[in-house]
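Chemist: Before we start, here is the structure in question, set down as C-alpha cells.
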Amino acid sequence: MKRFTWLLLGLAVVVLAASPILAAEKAGRGKGAKGGSDALRGEYAIMVSECELSDQQKTDLQAKVKARKEAQAAWQQANGEKQKALREAQKKAKEANDKDAMKKARDDLKALDAGRRKIDADTRAAIYAVLTPEQRAKWQAFQTYRTLMRRYKRLNPTEAQTAKIREAAAAAAKDLVAAAGDDKESRKKRAEADKNLRKTIEETILTAEQREALQKKPEKKPRPEKKPAKEKAAK
C-alpha cells in the first residue's frame, strides 16, 4: 500500500510538470488567434508574463516551441499508421482472448510509443532550458499554486488564504526544482515535497470546516438532458 501511495504521488508530480506544456499546445491550436503562426499563445504566453522573459528569451522560446511541434508532427507522420494498426491488432486480440497476441501488440505499441515519449521529454526540456534557474523556480511555483487551487477552489478560500497558499507553493517550488531529475530518487523527493506541501496547507491554512469539506467527494453536476432530434430540427 505504501508503495502504491508513492506511485500515485509520483504520477501526480509528473502530470504537474508535463500538463502545462500540453495545455499550451491545446490552447495554441485555436483558430483565429492573433499574432501570426509563431506567436506564443496559451500556457507559453502565461510563462512569458509570469517569468518576465526578455525579448531574446521570447525569441528562443518561440523557436523551441516550433521545433517541438515539428518533431511531434514528423513522428506522427512516420508512425501514425503503424500505431493505428497495432491498436487494431490489440483490439482484435482482446476480442479473441488471444493473450499471446495481446501481449505482442501491447509490447509493440510500447516500443513504438517510446520514440514519441522521448521527443516529448527532450523538447519539453529544451523549452524549460530557456528559463534561468530563478525563472524555473517562479514557473514551478505558479504551476504548483494553480494545481493546488484546482484542489481547494471548491472550499471557497478567502483572499488571505489564497495568498498564503501561493506563498507555500513558492516555498515548495525550490524543493521541486531541486529534484527535477527523472530518476527514482528524484521522483520520490518530488512526491514527498508535494505531500508535505498539501499537509502544511491543510493543517495550517484551511479551517476545520474546510478540512471536513475536503474529505467529502464533490457533488457531480447533473448533465443537461439531450433534446430529441425532432425538437432540435423544429428550432
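Naming works like this for the C-alpha cells: A, B, ... for the chains as they're shown, residue 1 at the start of each chain, ligands 1 onward in shown order.
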Please report, as JSON lines, each residue of stretch 93-161 of chain A lying at most 10 Å from stretch 69-77 of chain A, together with the nearest pair of atoms and the separation in Å rounded to one decimal; use only C-alpha atoms, and order rows by chain and ascending residue number.
Modeler:
```
{"residue": "A:Asp113", "atom": "CA", "partner": "A:Trp75", "partner_atom": "CA", "distance": 9.8}
{"residue": "A:Gly115", "atom": "CA", "partner": "A:Trp75", "partner_atom": "CA", "distance": 8.0}
{"residue": "A:Arg116", "atom": "CA", "partner": "A:Trp75", "partner_atom": "CA", "distance": 6.7}
{"residue": "A:Arg117", "atom": "CA", "partner": "A:Gln72", "partner_atom": "CA", "distance": 9.7}
{"residue": "A:Ile119", "atom": "CA", "partner": "A:Ala71", "partner_atom": "CA", "distance": 6.9}
{"residue": "A:Asp120", "atom": "CA", "partner": "A:Gln72", "partner_atom": "CA", "distance": 7.6}
{"residue": "A:Thr123", "atom": "CA", "partner": "A:Ala71", "partner_atom": "CA", "distance": 8.4}
```
Chemist: Would you mind reading off the distance between atom CA of A:Cys51 and atom CA of A:Lys66, one decimal, in Å?
Modeler: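 Atom-to-atom, atom CA of A:Cys51 to atom CA of A:Lys66, that is 19.8 Å.
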Chemist: Using only C-alpha atoms, which protein or nucleic acid residues come within 10 Å of A:Ser186? Drop anything in the same chain fewer than 6 positions from it, and give the result as a ChimeraX atom specification.
Modeler: /A:10,176-180,192
Chemist: Excluding A:Lys82 and its own-chain neighbours fewer than 6 positions away, which residues fall within 10 Å of it when counting only C-alpha atoms? Please give them as a list in words.
Modeler: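 Final neighbour list, sorted by chain and number: Gln76, Glu88, Asp108, Leu109 and Leu112 of chain A.
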Chemist: With only C-alpha atoms as the counted atoms, please give the residues lying no more than 12 Å from stretch 163-167 of chain A, apart from itself and same-chain residues fewer than 4 positions off, as an mmCIF file with C-alpha atoms, in the first residue's frame.
Modeler:
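And here is the file that came out, part_26.cif:
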```
data_model
loop_
_atom_site.group_PDB
_atom_site.id
_atom_site.type_symbol
_atom_site.label_atom_id
_atom_site.label_comp_id
_atom_site.auth_asym_id
_atom_site.auth_seq_id
_atom_site.Cartn_x
_atom_site.Cartn_y
_atom_site.Cartn_z
ATOM 1 C CA LYS A 138 9.000 31.042 -10.335
ATOM 2 C CA GLN A 140 7.241 25.871 -10.819
ATOM 3 C CA ALA A 141 5.701 27.976 -8.043
ATOM 4 C CA PHE A 142 2.983 29.219 -10.386
ATOM 5 C CA GLN A 143 2.230 25.710 -11.689
ATOM 6 C CA THR A 144 2.098 24.313 -8.172
ATOM 7 C CA TYR A 145 -0.151 27.129 -6.948
ATOM 8 C CA ARG A 146 -2.557 26.673 -9.853
ATOM 9 C CA THR A 147 -2.767 22.906 -9.312
ATOM 10 C CA LEU A 148 -3.420 23.439 -5.606
ATOM 11 C CA MET A 149 -6.195 25.921 -6.326
ATOM 12 C CA ARG A 150 -7.922 23.360 -8.530
ATOM 13 C CA ARG A 151 -7.991 21.143 -5.444
ATOM 14 C CA TYR A 152 -9.077 23.815 -2.968
ATOM 15 C CA LYS A 153 -11.282 26.060 -5.122
ATOM 16 C CA PRO A 157 -10.775 30.033 0.298
ATOM 17 C CA THR A 158 -10.561 33.667 1.366
ATOM 18 C CA GLU A 159 -8.180 36.125 -0.292
ATOM 19 C CA ALA A 171 8.482 27.855 -0.874
ATOM 20 C CA ALA A 172 7.881 24.261 -2.017
ATOM 21 C CA ALA A 173 8.890 25.082 -5.598
ATOM 22 C CA LYS A 174 12.544 25.283 -4.564
ATOM 23 C CA LEU A 197 3.028 20.959 0.917
ATOM 24 C CA ARG A 198 -0.546 19.718 0.966
ATOM 25 C CA LYS A 199 -0.195 18.690 4.596
ATOM 26 C CA THR A 200 1.070 22.159 5.526
ATOM 27 C CA ILE A 201 -1.788 23.875 3.704
ATOM 28 C CA GLU A 202 -4.473 21.623 5.091
ATOM 29 C CA GLU A 203 -3.198 21.765 8.671
ATOM 30 C CA THR A 204 -2.185 25.431 8.931
ATOM 31 C CA ILE A 205 -4.177 27.398 6.327
ATOM 32 C CA LEU A 206 -7.539 25.676 5.933
#
```
Chemist: Using DSSP on the backbone, list every residue of stretch 36-175 of chain A that comes out as alpha helix (DSSP H), and give them as a PyMOL selection string.
Modeler: chain A and resi 42-51+55-95+99-128+133-152+159-175
Chemist: Keeping C-alpha atoms, export the residues of the selection given above as a CSV table (one decimal), in the first residue's frame.
Modeler:
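The file below, selection.csv, is the result:
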```csv
chain,number,residue,atom,x,y,z
A,42,GLY,CA,-1.9,29.8,-24.1
A,43,GLU,CA,0.4,28.5,-21.5
A,44,TYR,CA,3.5,29.8,-23.2
A,45,ALA,CA,2.1,33.4,-23.1
A,46,ILE,CA,1.4,32.9,-19.4
A,47,MET,CA,5.0,31.7,-19.0
A,48,VAL,CA,6.3,34.9,-20.7
A,49,SER,CA,4.2,37.0,-18.3
A,50,GLU,CA,4.8,35.1,-15.0
A,51,CYS,CA,8.6,34.7,-15.6
A,55,ASP,CA,12.9,39.7,-25.8
A,56,GLN,CA,15.7,37.2,-26.5
A,57,GLN,CA,14.1,34.6,-24.3
A,58,LYS,CA,10.8,35.1,-26.1
A,59,THR,CA,12.5,34.5,-29.5
A,60,ASP,CA,14.3,31.4,-28.1
A,61,LEU,CA,11.0,30.1,-26.7
A,62,GLN,CA,9.2,30.6,-30.0
A,63,ALA,CA,11.9,28.6,-31.7
A,64,LYS,CA,11.8,25.7,-29.2
A,65,VAL,CA,8.0,25.6,-29.3
A,66,LYS,CA,8.1,25.4,-33.1
A,67,ALA,CA,10.8,22.7,-33.0
A,68,ARG,CA,8.6,20.7,-30.6
A,69,LYS,CA,5.6,20.9,-32.9
A,70,GLU,CA,7.6,19.9,-35.9
A,71,ALA,CA,9.2,16.9,-34.2
A,72,GLN,CA,5.8,15.7,-33.0
A,73,ALA,CA,4.3,16.1,-36.4
A,74,ALA,CA,7.2,14.2,-38.0
A,75,TRP,CA,6.8,11.4,-35.6
A,76,GLN,CA,3.0,11.2,-36.2
A,77,GLN,CA,3.5,11.2,-40.0
A,78,ALA,CA,6.1,8.4,-39.8
A,79,ASN,CA,4.3,6.3,-37.2
A,80,GLY,CA,0.6,7.2,-37.2
A,81,GLU,CA,-0.5,4.3,-39.4
A,82,LYS,CA,1.7,1.8,-37.5
A,83,GLN,CA,0.2,3.0,-34.3
A,84,LYS,CA,-3.3,2.7,-35.7
A,85,ALA,CA,-2.6,-0.9,-37.0
A,86,LEU,CA,-1.2,-2.0,-33.7
A,87,ARG,CA,-4.2,-0.7,-31.7
A,88,GLU,CA,-6.5,-2.5,-34.1
A,89,ALA,CA,-4.4,-5.7,-33.7
A,90,GLN,CA,-4.6,-5.3,-29.9
A,91,LYS,CA,-8.4,-4.8,-30.1
A,92,LYS,CA,-8.9,-8.0,-32.2
A,93,ALA,CA,-6.6,-10.0,-29.9
A,94,LYS,CA,-8.6,-8.9,-26.9
A,95,GLU,CA,-11.9,-9.8,-28.6
A,99,LYS,CA,-3.2,-13.5,-24.6
A,100,ASP,CA,0.0,-14.0,-26.7
A,101,ALA,CA,-1.3,-11.7,-29.4
A,102,MET,CA,-2.4,-9.2,-26.9
A,103,LYS,CA,1.0,-9.1,-25.2
A,104,LYS,CA,2.8,-8.8,-28.6
A,105,ALA,CA,0.6,-5.9,-29.7
A,106,ARG,CA,1.0,-4.2,-26.3
A,107,ASP,CA,4.8,-4.6,-26.3
A,108,ASP,CA,5.0,-3.3,-29.9
A,109,LEU,CA,2.9,-0.3,-29.1
A,110,LYS,CA,5.0,0.4,-26.0
A,111,ALA,CA,8.2,0.2,-28.1
A,112,LEU,CA,6.7,2.4,-30.8
A,113,ASP,CA,5.5,5.0,-28.3
A,114,ALA,CA,8.9,5.2,-26.6
A,115,GLY,CA,10.1,7.3,-29.5
A,116,ARG,CA,7.2,9.8,-29.1
A,117,ARG,CA,7.7,10.0,-25.4
A,118,LYS,CA,11.4,10.7,-25.9
A,119,ILE,CA,10.6,13.5,-28.3
A,120,ASP,CA,8.1,15.0,-25.8
A,121,ALA,CA,10.7,14.8,-22.9
A,122,ASP,CA,13.6,16.2,-24.9
A,123,THR,CA,11.6,19.1,-26.5
A,124,ARG,CA,10.0,19.9,-23.1
A,125,ALA,CA,13.4,20.0,-21.5
A,126,ALA,CA,14.6,22.3,-24.3
A,127,ILE,CA,11.7,24.7,-23.6
A,128,TYR,CA,12.4,24.9,-19.9
A,133,PRO,CA,17.1,28.9,-12.5
A,134,GLU,CA,15.2,31.8,-10.8
A,135,GLN,CA,12.6,31.8,-13.6
A,136,ARG,CA,12.2,28.0,-13.4
A,137,ALA,CA,11.5,28.3,-9.7
A,138,LYS,CA,9.0,31.0,-10.3
A,139,TRP,CA,7.3,29.0,-13.0
A,140,GLN,CA,7.2,25.9,-10.8
A,141,ALA,CA,5.7,28.0,-8.0
A,142,PHE,CA,3.0,29.2,-10.4
A,143,GLN,CA,2.2,25.7,-11.7
A,144,THR,CA,2.1,24.3,-8.2
A,145,TYR,CA,-0.2,27.1,-6.9
A,146,ARG,CA,-2.6,26.7,-9.9
A,147,THR,CA,-2.8,22.9,-9.3
A,148,LEU,CA,-3.4,23.4,-5.6
A,149,MET,CA,-6.2,25.9,-6.3
A,150,ARG,CA,-7.9,23.4,-8.5
A,151,ARG,CA,-8.0,21.1,-5.4
A,152,TYR,CA,-9.1,23.8,-3.0
A,159,GLU,CA,-8.2,36.1,-0.3
A,160,ALA,CA,-5.9,35.8,2.7
A,161,GLN,CA,-5.9,32.0,2.4
A,162,THR,CA,-5.3,32.2,-1.3
A,163,ALA,CA,-2.2,34.4,-0.7
A,164,LYS,CA,-0.9,32.0,1.9
A,165,ILE,CA,-1.3,29.1,-0.5
A,166,ARG,CA,0.6,30.9,-3.1
A,167,GLU,CA,3.4,31.6,-0.6
A,168,ALA,CA,3.5,28.0,0.4
A,169,ALA,CA,3.7,26.9,-3.3
A,170,ALA,CA,6.6,29.3,-3.9
A,171,ALA,CA,8.5,27.9,-0.9
A,172,ALA,CA,7.9,24.3,-2.0
A,173,ALA,CA,8.9,25.1,-5.6
A,174,LYS,CA,12.5,25.3,-4.6
A,175,ASP,CA,12.5,21.6,-3.4
```
Chemist: When you count only C-alpha atoms, which of these residues is closest to A:Pro218: A:Lys184, A:Arg154, A:Lys189, A:Arg41?
Modeler: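 That would be A:Arg154, the residue with the smallest distance to A:Pro218.
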